[in-house]
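Dumped protein.txt below, it's compact mmCIF, C-alpha atoms (C1' of nucleotides) and all ligand atoms:
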# COMPACT_ATOMS: atom_id res chain seq x y z
CA MET A 1 -67.13 -62.37 74.24
CA ALA A 2 -68.66 -65.13 76.34
CA THR A 3 -69.68 -64.46 79.94
CA GLU A 4 -68.40 -66.76 82.66
CA GLN A 5 -71.89 -68.20 83.00
CA GLN A 6 -71.94 -69.08 79.31
CA VAL A 7 -68.49 -70.62 79.53
CA MET A 8 -69.53 -72.67 82.56
CA ALA A 9 -72.70 -73.75 80.76
CA HIS A 10 -70.58 -74.90 77.81
CA PHE A 11 -68.31 -76.72 80.23
CA GLU A 12 -71.25 -78.53 81.81
CA ALA A 13 -72.73 -79.38 78.43
CA THR A 14 -69.40 -80.77 77.21
CA CYS A 15 -69.01 -82.92 80.31
CA ARG A 16 -72.56 -84.25 80.06
CA SER A 17 -72.32 -84.96 76.35
CA HIS A 18 -69.29 -87.12 77.08
CA GLY A 19 -71.00 -88.90 79.95
CA LEU A 20 -68.80 -87.28 82.57
CA LYS A 21 -70.21 -86.54 85.97
CA LEU A 22 -70.15 -82.99 87.21
CA THR A 23 -68.15 -83.51 90.33
CA HIS A 24 -67.24 -80.77 92.75
CA GLN A 25 -63.57 -81.34 91.93
CA ARG A 26 -64.04 -81.01 88.18
CA LEU A 27 -66.02 -77.83 88.59
CA GLU A 28 -63.49 -76.27 90.93
CA ILE A 29 -60.50 -77.23 88.83
CA TYR A 30 -62.06 -75.84 85.68
CA ARG A 31 -63.21 -72.66 87.40
CA ALA A 32 -59.77 -72.07 88.90
CA LEU A 33 -58.17 -72.47 85.49
CA LEU A 34 -60.70 -70.13 83.88
CA GLN A 35 -60.03 -67.41 86.41
CA SER A 36 -56.27 -67.69 86.29
CA ALA A 37 -54.09 -65.91 83.77
CA GLU A 38 -50.97 -67.62 85.05
CA HIS A 39 -51.07 -70.87 83.10
CA PRO A 40 -50.64 -72.83 86.32
CA SER A 41 -49.07 -76.24 86.68
CA ALA A 42 -51.05 -79.15 88.08
CA GLU A 43 -49.10 -78.77 91.30
CA SER A 44 -49.82 -75.08 91.76
CA LEU A 45 -53.50 -75.62 90.94
CA HIS A 46 -53.60 -78.31 93.59
CA LYS A 47 -51.95 -76.02 96.11
CA GLN A 48 -54.41 -73.24 95.33
CA LEU A 49 -57.47 -75.48 95.63
CA GLU A 50 -56.30 -77.32 98.75
CA THR A 51 -57.82 -74.69 101.06
CA ARG A 52 -61.28 -75.07 99.55
CA LEU A 53 -61.06 -78.83 98.93
CA PRO A 54 -58.84 -80.13 101.73
CA THR A 55 -59.02 -83.75 100.56
CA LEU A 56 -58.24 -83.06 96.90
CA SER A 57 -55.40 -85.31 95.74
CA PRO A 58 -52.69 -84.28 93.29
CA ASP A 59 -53.63 -87.30 91.21
CA THR A 60 -57.15 -85.97 90.73
CA VAL A 61 -55.78 -82.70 89.44
CA TYR A 62 -53.50 -84.46 86.96
CA ARG A 63 -56.25 -86.85 85.83
CA THR A 64 -58.87 -84.16 85.54
CA LEU A 65 -56.64 -81.88 83.51
CA ALA A 66 -55.85 -84.77 81.15
CA THR A 67 -59.56 -85.47 80.77
CA PHE A 68 -60.33 -81.82 80.05
CA GLU A 69 -57.50 -81.75 77.54
CA GLN A 70 -59.06 -84.63 75.61
CA LEU A 71 -62.42 -82.84 75.57
CA GLY A 72 -60.71 -79.73 74.21
CA LEU A 73 -61.67 -77.73 77.30
CA VAL A 74 -58.09 -77.25 78.40
CA LYS A 75 -54.81 -76.83 76.62
CA ARG A 76 -51.37 -77.90 77.71
CA VAL A 77 -49.01 -75.02 76.97
CA GLU A 78 -45.71 -76.10 75.52
CA THR A 79 -42.76 -74.87 77.47
CA MET A 80 -39.41 -76.47 78.06
CA SER A 81 -39.93 -76.46 81.80
CA SER A 82 -40.26 -79.86 83.42
CA GLN A 83 -43.74 -79.19 84.77
CA ALA A 84 -46.63 -79.07 82.32
CA ARG A 85 -48.70 -75.90 82.40
CA PHE A 86 -52.35 -75.46 81.52
CA GLU A 87 -54.95 -72.96 80.44
CA ALA A 88 -58.67 -73.01 79.74
CA VAL A 89 -59.28 -72.86 76.02
CA ILE A 90 -60.98 -69.57 75.25
CA ASP A 91 -59.70 -67.87 72.15
CA GLN A 92 -56.83 -67.99 69.70
CA HIS A 93 -53.79 -66.34 71.23
CA HIS A 94 -50.05 -66.64 71.56
CA HIS A 95 -47.49 -66.70 74.34
CA PHE A 96 -44.64 -64.62 75.61
CA PHE A 97 -42.37 -66.74 77.81
CA CYS A 98 -39.98 -65.13 80.27
CA ASP A 99 -36.78 -67.15 80.22
CA GLN A 100 -35.87 -65.74 83.63
CA CYS A 101 -38.90 -66.39 85.81
CA GLY A 102 -40.98 -68.70 83.62
CA ARG A 103 -43.93 -66.30 83.49
CA LEU A 104 -46.26 -66.92 80.54
CA ILE A 105 -48.12 -63.92 79.14
CA ASP A 106 -50.88 -64.10 76.54
CA PHE A 107 -50.91 -61.81 73.55
CA HIS A 108 -53.06 -61.49 70.46
CA TRP A 109 -51.88 -61.16 66.87
CA HIS A 110 -54.71 -60.97 64.42
CA LEU A 111 -52.46 -60.31 61.44
CA PHE A 112 -50.60 -63.54 62.11
CA ASP A 113 -53.80 -65.51 62.71
CA THR A 114 -55.23 -64.53 59.34
CA MET A 115 -51.98 -64.97 57.44
CA GLY A 116 -51.45 -67.95 55.16
CA LEU A 117 -48.77 -70.51 55.87
CA PRO A 118 -45.52 -70.62 53.88
CA GLU A 119 -44.93 -72.87 50.87
CA SER A 120 -42.28 -74.73 52.81
CA LEU A 121 -45.10 -76.43 54.72
CA GLN A 122 -46.63 -77.88 51.55
CA GLY A 123 -46.95 -81.64 51.69
CA ILE A 124 -45.79 -81.83 55.29
CA GLY A 125 -49.15 -83.15 56.48
CA LYS A 126 -52.53 -82.01 57.73
CA ILE A 127 -52.29 -78.78 59.68
CA ARG A 128 -54.38 -78.25 62.79
CA ASP A 129 -53.17 -74.90 64.13
CA LYS A 130 -50.27 -72.50 64.27
CA ASN A 131 -48.92 -70.63 67.25
CA VAL A 132 -46.23 -68.13 68.02
CA VAL A 133 -43.97 -68.36 71.02
CA VAL A 134 -41.94 -65.26 71.87
CA HIS A 135 -39.03 -65.62 74.27
CA GLY A 136 -37.44 -62.90 76.32
CA VAL A 137 -37.28 -61.35 79.75
CA CYS A 138 -40.48 -59.92 81.21
CA GLU A 139 -40.90 -56.35 82.41
CA GLN A 140 -40.93 -57.39 86.07
CA CYS A 141 -37.65 -59.27 85.77
CA LEU A 142 -36.08 -56.30 83.97
CA THR A 143 -37.27 -53.93 86.71
CA SER A 144 -36.08 -56.07 89.59
CA LYS A 145 -32.71 -56.46 87.90
CA LYS A 146 -32.36 -52.68 87.63
CA ASN A 147 -33.11 -52.28 91.33
CA GLU A 148 -30.28 -54.61 92.31
CA SER A 149 -27.63 -52.09 91.27
CA MET B 1 -23.97 -72.08 54.21
CA ALA B 2 -21.32 -73.40 56.59
CA THR B 3 -19.56 -76.69 55.91
CA GLU B 4 -19.47 -79.30 58.63
CA GLN B 5 -15.77 -78.61 59.12
CA GLN B 6 -16.51 -74.94 59.72
CA VAL B 7 -19.31 -75.78 62.13
CA MET B 8 -17.03 -78.16 64.03
CA ALA B 9 -14.31 -75.52 64.13
CA HIS B 10 -16.79 -73.07 65.61
CA PHE B 11 -17.84 -75.70 68.12
CA GLU B 12 -14.24 -76.26 69.19
CA ALA B 13 -13.57 -72.53 69.41
CA THR B 14 -16.67 -71.99 71.52
CA CYS B 15 -15.70 -74.77 73.92
CA ARG B 16 -12.14 -73.49 74.24
CA SER B 17 -13.17 -69.89 74.76
CA HIS B 18 -15.29 -71.04 77.68
CA GLY B 19 -12.52 -73.18 79.13
CA LEU B 20 -14.29 -76.44 78.32
CA LYS B 21 -12.23 -79.48 77.52
CA LEU B 22 -12.79 -81.14 74.17
CA THR B 23 -13.66 -84.57 75.38
CA HIS B 24 -14.50 -87.46 73.12
CA GLN B 25 -18.00 -87.50 74.60
CA ARG B 26 -18.66 -83.83 73.88
CA LEU B 27 -17.44 -84.12 70.32
CA GLU B 28 -19.53 -87.20 69.61
CA ILE B 29 -22.67 -85.81 71.20
CA TYR B 30 -22.39 -82.58 69.25
CA ARG B 31 -21.61 -84.36 65.99
CA ALA B 32 -24.54 -86.73 66.42
CA LEU B 33 -26.88 -83.81 67.03
CA LEU B 34 -25.52 -81.94 64.01
CA GLN B 35 -26.09 -84.86 61.72
CA SER B 36 -29.57 -85.65 62.96
CA ALA B 37 -32.72 -84.01 61.66
CA GLU B 38 -34.88 -85.78 64.21
CA HIS B 39 -34.54 -83.47 67.20
CA PRO B 40 -33.60 -86.42 69.40
CA SER B 41 -34.13 -86.73 73.12
CA ALA B 42 -31.20 -87.21 75.49
CA GLU B 43 -32.22 -90.83 75.82
CA SER B 44 -32.31 -91.57 72.10
CA LEU B 45 -28.99 -89.80 71.61
CA HIS B 46 -27.53 -91.97 74.33
CA LYS B 47 -28.92 -95.10 72.70
CA GLN B 48 -27.50 -94.09 69.34
CA LEU B 49 -24.03 -93.33 70.70
CA GLU B 50 -23.83 -96.36 72.97
CA THR B 51 -22.40 -98.55 70.20
CA ARG B 52 -19.51 -96.19 69.55
CA LEU B 53 -18.98 -95.16 73.20
CA PRO B 54 -20.00 -98.23 75.21
CA THR B 55 -19.31 -96.64 78.59
CA LEU B 56 -21.17 -93.39 77.88
CA SER B 57 -23.54 -92.66 80.73
CA PRO B 58 -26.98 -91.11 80.31
CA ASP B 59 -25.96 -88.48 82.82
CA THR B 60 -23.15 -87.31 80.58
CA VAL B 61 -25.59 -86.85 77.72
CA TYR B 62 -27.95 -84.83 79.88
CA ARG B 63 -25.15 -82.78 81.39
CA THR B 64 -23.43 -82.16 78.09
CA LEU B 65 -26.61 -81.05 76.37
CA ALA B 66 -27.30 -78.63 79.22
CA THR B 67 -23.77 -77.24 78.89
CA PHE B 68 -24.13 -76.83 75.13
CA GLU B 69 -27.45 -75.13 75.65
CA GLN B 70 -25.83 -72.54 77.90
CA LEU B 71 -23.15 -71.87 75.27
CA GLY B 72 -25.84 -71.40 72.65
CA LEU B 73 -24.59 -74.38 70.66
CA VAL B 74 -27.73 -76.41 71.21
CA LYS B 75 -31.38 -75.58 71.58
CA ARG B 76 -34.03 -77.34 73.59
CA VAL B 77 -37.13 -77.58 71.40
CA GLU B 78 -40.31 -76.89 73.25
CA THR B 79 -42.86 -79.64 73.00
CA MET B 80 -45.40 -80.84 75.49
CA SER B 81 -43.90 -84.30 75.56
CA SER B 82 -42.31 -85.40 78.82
CA GLN B 83 -38.88 -85.89 77.27
CA ALA B 84 -36.90 -82.83 76.25
CA ARG B 85 -35.72 -82.77 72.65
CA PHE B 86 -32.68 -81.06 71.22
CA GLU B 87 -31.13 -79.69 68.04
CA ALA B 88 -27.85 -78.11 67.05
CA VAL B 89 -28.32 -74.39 66.51
CA ILE B 90 -27.76 -73.67 62.84
CA ASP B 91 -30.22 -71.19 61.38
CA GLN B 92 -33.51 -69.54 62.17
CA HIS B 93 -36.35 -71.95 61.48
CA HIS B 94 -39.67 -73.16 62.82
CA HIS B 95 -41.27 -76.47 63.70
CA PHE B 96 -44.10 -78.64 62.54
CA PHE B 97 -45.07 -81.06 65.31
CA CYS B 98 -47.03 -84.23 64.51
CA ASP B 99 -49.51 -84.72 67.34
CA GLN B 100 -49.78 -88.39 66.40
CA CYS B 101 -46.20 -89.65 66.30
CA GLY B 102 -44.28 -86.76 67.85
CA ARG B 103 -42.17 -86.17 64.75
CA LEU B 104 -40.66 -82.69 64.55
CA ILE B 105 -40.07 -81.24 61.11
CA ASP B 106 -38.17 -78.03 60.38
CA PHE B 107 -39.53 -75.42 58.03
CA HIS B 108 -38.46 -71.96 56.99
CA TRP B 109 -40.62 -68.85 56.86
CA HIS B 110 -38.72 -65.79 55.78
CA LEU B 111 -41.80 -63.57 55.64
CA PHE B 112 -42.51 -64.30 59.29
CA ASP B 113 -38.88 -63.85 60.31
CA THR B 114 -38.74 -60.37 58.83
CA MET B 115 -42.15 -59.31 60.06
CA GLY B 116 -42.50 -56.94 63.00
CA LEU B 117 -44.16 -57.99 66.22
CA PRO B 118 -47.70 -56.89 67.12
CA GLU B 119 -48.48 -53.86 69.30
CA SER B 120 -49.96 -56.18 71.88
CA LEU B 121 -46.38 -57.11 72.84
CA GLN B 122 -45.46 -53.52 73.67
CA GLY B 123 -44.18 -53.13 77.20
CA ILE B 124 -44.22 -56.84 77.87
CA GLY B 125 -40.45 -56.99 78.28
CA LYS B 126 -37.25 -57.50 76.31
CA ILE B 127 -37.76 -59.81 73.36
CA ARG B 128 -35.11 -62.34 72.44
CA ASP B 129 -36.70 -64.30 69.60
CA LYS B 130 -39.97 -65.42 68.09
CA ASN B 131 -40.88 -68.84 66.79
CA VAL B 132 -43.81 -70.56 65.15
CA VAL B 133 -45.03 -73.99 66.11
CA VAL B 134 -47.47 -75.65 63.73
CA HIS B 135 -49.43 -78.63 64.98
CA GLY B 136 -51.03 -81.32 62.89
CA VAL B 137 -50.60 -84.84 61.58
CA CYS B 138 -47.60 -85.61 59.43
CA GLU B 139 -47.76 -87.07 55.93
CA GLN B 140 -46.48 -90.45 57.08
CA CYS B 141 -49.14 -90.78 59.76
CA LEU B 142 -51.83 -89.79 57.25
CA THR B 143 -50.57 -92.38 54.77
CA SER B 144 -50.38 -95.21 57.28
CA LYS B 145 -53.88 -94.38 58.48
CA LYS B 146 -55.20 -94.63 54.92
CA ASN B 147 -53.59 -98.05 54.50
CA GLU B 148 -55.38 -99.40 57.56
CA SER B 149 -58.77 -99.37 55.79
C1' DT C 1 5.83 -86.63 81.13
C1' DA C 2 3.92 -85.13 85.42
C1' DG C 3 0.70 -82.26 87.65
C1' DT C 4 -3.83 -80.68 88.19
C1' DA C 5 -8.30 -79.24 87.53
C1' DA C 6 -12.15 -80.59 84.85
C1' DT C 7 -14.86 -84.33 83.45
C1' DT C 8 -16.65 -88.72 83.62
C1' DA C 9 -19.28 -93.26 84.98
C1' DA C 10 -22.07 -95.47 88.12
C1' DG C 11 -25.51 -95.67 90.85
C1' DA C 12 -28.35 -93.20 94.29
C1' DA C 13 -31.69 -89.65 94.68
C1' DT C 14 -35.32 -86.57 93.27
C1' DA C 15 -39.39 -84.72 90.89
C1' DA C 16 -43.29 -85.07 87.92
C1' DA C 17 -46.67 -87.85 86.45
C1' DT C 18 -49.23 -92.15 86.24
C1' DC C 19 -51.13 -96.47 87.97
C1' DT C 20 -53.59 -99.58 91.32
C1' DT C 21 -57.05 -100.57 94.37
C1' DA C 22 -60.56 -100.17 97.57
C1' DA C 23 -63.88 -96.82 99.14
C1' DC C 24 -67.08 -93.42 97.81
C1' DT C 25 -70.60 -90.63 95.19
C1' DA C 26 -73.54 -88.65 91.53
C1' DA C 27 -76.91 -89.66 88.51
C1' DA C 28 -80.10 -93.03 86.52
C1' DA C 29 -83.54 -96.43 87.52
C1' DA C 30 -87.13 -98.26 90.20
C1' DT D 1 -87.22 -91.59 97.92
C1' DT D 2 -84.34 -95.51 97.82
C1' DT D 3 -81.56 -98.47 95.21
C1' DT D 4 -78.38 -99.40 91.77
C1' DT D 5 -74.34 -98.83 89.34
C1' DA D 6 -71.09 -96.74 86.56
C1' DG D 7 -67.95 -93.48 87.24
C1' DT D 8 -64.87 -91.04 90.41
C1' DT D 9 -61.92 -90.46 94.23
C1' DA D 10 -57.83 -90.69 97.78
C1' DA D 11 -53.78 -92.76 99.11
C1' DG D 12 -49.89 -94.64 98.32
C1' DA D 13 -47.00 -97.45 95.18
C1' DT D 14 -44.78 -97.16 90.79
C1' DT D 15 -42.78 -95.38 86.68
C1' DT D 16 -40.13 -92.19 83.98
C1' DA D 17 -37.11 -88.37 83.15
C1' DT D 18 -33.64 -85.95 85.04
C1' DT D 19 -30.20 -84.53 88.47
C1' DC D 20 -26.94 -85.32 92.23
C1' DT D 21 -22.88 -87.54 94.67
C1' DT D 22 -18.56 -89.41 94.65
C1' DA D 23 -14.53 -91.66 93.33
C1' DA D 24 -11.93 -92.60 89.23
C1' DT D 25 -10.38 -90.98 84.81
C1' DT D 26 -9.01 -87.74 81.34
C1' DA D 27 -7.50 -83.57 78.78
C1' DC D 28 -4.78 -79.76 78.89
C1' DT D 29 -0.59 -77.23 80.73
C1' DA D 30 4.10 -76.53 81.63
MN MN A 201 -52.46 -68.55 77.20
MN MN A 202 -35.41 -77.75 64.28
ZN ZN A 203 -39.77 -62.74 84.24
ZN ZN A 204 -46.74 -88.37 62.45
I need this file expressed as structure tokens, please.
Ligand SMILES: [Mn+2]
Ligand SMILES: [Mn+2]
Ligand SMILES: [Zn+2]
Ligand SMILES: [Zn+2]
Amino acid sequence: MATEQQVMAHFEATCRSHGLKLTHQRLEIYRALLQSAEHPSAESLHKQLETRLPTLSPDTVYRTLATFEQLGLVKRVETMSSQARFEAVIDQHHHFFCDQCGRLIDFHWHLFDTMGLPESLQGIGKIRDKNVVVHGVCEQCLTSKKNES
Amino acid sequence: MATEQQVMAHFEATCRSHGLKLTHQRLEIYRALLQSAEHPSAESLHKQLETRLPTLSPDTVYRTLATFEQLGLVKRVETMSSQARFEAVIDQHHHFFCDQCGRLIDFHWHLFDTMGLPESLQGIGKIRDKNVVVHGVCEQCLTSKKNES
DNA sequence: TAGTAATTAAGAATAAATCTTAACTAAAAA
DNA sequence: TTTTTAGTTAAGATTTATTCTTAATTACTA
């Protein structure tokens, strides 16, 4: 398990090796994403960082996330919500998506990760990775629903 | 395996039981989605149907798809593309997504479907369904790349 | 067939994301 | 350190996907 210092060092190395400058904005955006478990949208990241970087523009957040995505530092999580949501790439994991509140929760599934793919995928193309998305209603939504009665 | 007539009968019954009128537009949109394997966007569905229904508005396509989604007749496929993509709900299956051209290809995986979920999901909430998304480059994109050299 | 409530088309409005441009800044060069 | 310069930024305009508003039309009911 990598320490935050190691992850930040890898981040810096990746930026430098691609000729990207280590701007304050890039560092803060990446750090915020690293420390968040919420898979934030560009907008919510911007809102969060606004206090520390009062001049930060939404455009910079969008652009920076797209750059990080290309470098493989950040992943865009696929949801059917209109806003894209992001996470720092750390390890192989999967997502539980709450259809009620939109909360995204990570989970691990080693058995799945090490399992082979089905025959039905033969000849379909070159496979990069496989992920599970579980849909449902999260514990918090279930609890708050109960309390309404 | 249901015939198209049976599927259309179920569609009509579902609409009626929810007090929805069987408009020409609804029938055509549903039929087009049933017959397509491409997981079309609202826009491409509209383009396709425009010849048969020259006055069909994009809004009607969007609205109708949203209605069908609520009835469980149609599913929104989660991709990270900006446009939402849809499919008629027929059977349990999974998706291969080509990161190059955006093509979505269905595949079946019975072993996965019948497999239990990992412990790591315990207490996370109420689970509705689980799906696999495989990313990669489709056969056609691989072939056309080869031919470029 | 007439009545009526639901549905539609058209175009305006909104929301998310991207583009343009001029000013700025970090890192390399001197 | 200072200069240079390529890369980055903010601000606001623009684009793209989707949703809303409203008046007209349509499908079902009796
Ligand atoms: Mn995650
Ligand atoms: Mn499908
Ligand atoms: Zn929830
Ligand atoms: Zn492809």
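Across the structure, CA of Phe97 in chain B and CA of Phe11 in chain B are spaced 27.9 Å apart.
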Could you give me, as a Markdown table, every chain B residue with an atom at most 12 Å from ligand ZN 204 (chain A), plus its closest atom pair and distance in Å to one decimal, counting only C-alpha atoms and all ligand atoms, rows ordered by chain then number?
| residue | atom | partner | partner_atom | distance |
| --- | --- | --- | --- | --- |
| B:Phe96 | CA | A:ZN204 | ZN | 10.1 |
| B:Phe97 | CA | A:ZN204 | ZN | 8.0 |
| B:Cys98 | CA | A:ZN204 | ZN | 4.6 |
| B:Asp99 | CA | A:ZN204 | ZN | 6.7 |
| B:Gln100 | CA | A:ZN204 | ZN | 5.0 |
| B:Cys101 | CA | A:ZN204 | ZN | 4.1 |
| B:Gly102 | CA | A:ZN204 | ZN | 6.1 |
| B:Arg103 | CA | A:ZN204 | ZN | 5.6 |
| B:Leu104 | CA | A:ZN204 | ZN | 8.6 |
| B:Ile105 | CA | A:ZN204 | ZN | 9.9 |
| B:His135 | CA | A:ZN204 | ZN | 10.4 |
| B:Gly136 | CA | A:ZN204 | ZN | 8.3 |
| B:Val137 | CA | A:ZN204 | ZN | 5.3 |
| B:Cys138 | CA | A:ZN204 | ZN | 4.2 |
| B:Glu139 | CA | A:ZN204 | ZN | 6.7 |
| B:Gln140 | CA | A:ZN204 | ZN | 5.8 |
| B:Cys141 | CA | A:ZN204 | ZN | 4.3 |
| B:Leu142 | CA | A:ZN204 | ZN | 7.4 |
| B:Thr143 | CA | A:ZN204 | ZN | 9.5 |
| B:Ser144 | CA | A:ZN204 | ZN | 9.3 |
| B:Lys145 | CA | A:ZN204 | ZN | 10.1 |
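All chain A residues having an atom within 9 Å of chain C, based on only C-alpha atoms (C1' of nucleotides), amount to Lys21, Leu22, Thr23, Asp59, Tyr62, Arg63, Ser82, Gln83 and Ala84 of chain A.
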How about saving the chosen residues, C-alpha atoms kept, as a compact mmCIF listing (two decimals), in the coordinates of the input?
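Okay, this is what ended up in out.txt:
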# COMPACT_ATOMS: atom_id res chain seq x y z
CA LYS A 21 -70.21 -86.54 85.97
CA LEU A 22 -70.15 -82.99 87.21
CA THR A 23 -68.15 -83.51 90.33
CA ASP A 59 -53.63 -87.30 91.21
CA TYR A 62 -53.50 -84.46 86.96
CA ARG A 63 -56.25 -86.85 85.83
CA SER A 82 -40.26 -79.86 83.42
CA GLN A 83 -43.74 -79.19 84.77
CA ALA A 84 -46.63 -79.07 82.32
Item to check | Within 8 Å of chain D: residues of chain A, using all atoms listed in the file, as number ranges by chain | outcome: A: 20-21, 55-57, 60
Next on the checklist: Please check the contacts: residues of chain B at most 8 Å away from chain A, using all atoms listed in the file, listed as an MDAnalysis selection string.
Outcome noted: chainID B and resid 76:80 82 84 107:109 118 120:121 123:140 142
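Put simply, CA of Phe86 in chain A is 13.8 Å away from CA of Leu71 in chain A.
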Checklist entry - Suppose you want the space between CA of Ser44 in chain B and CA of Arg31 in chain B; what is it in Å? => result 14.3 Å
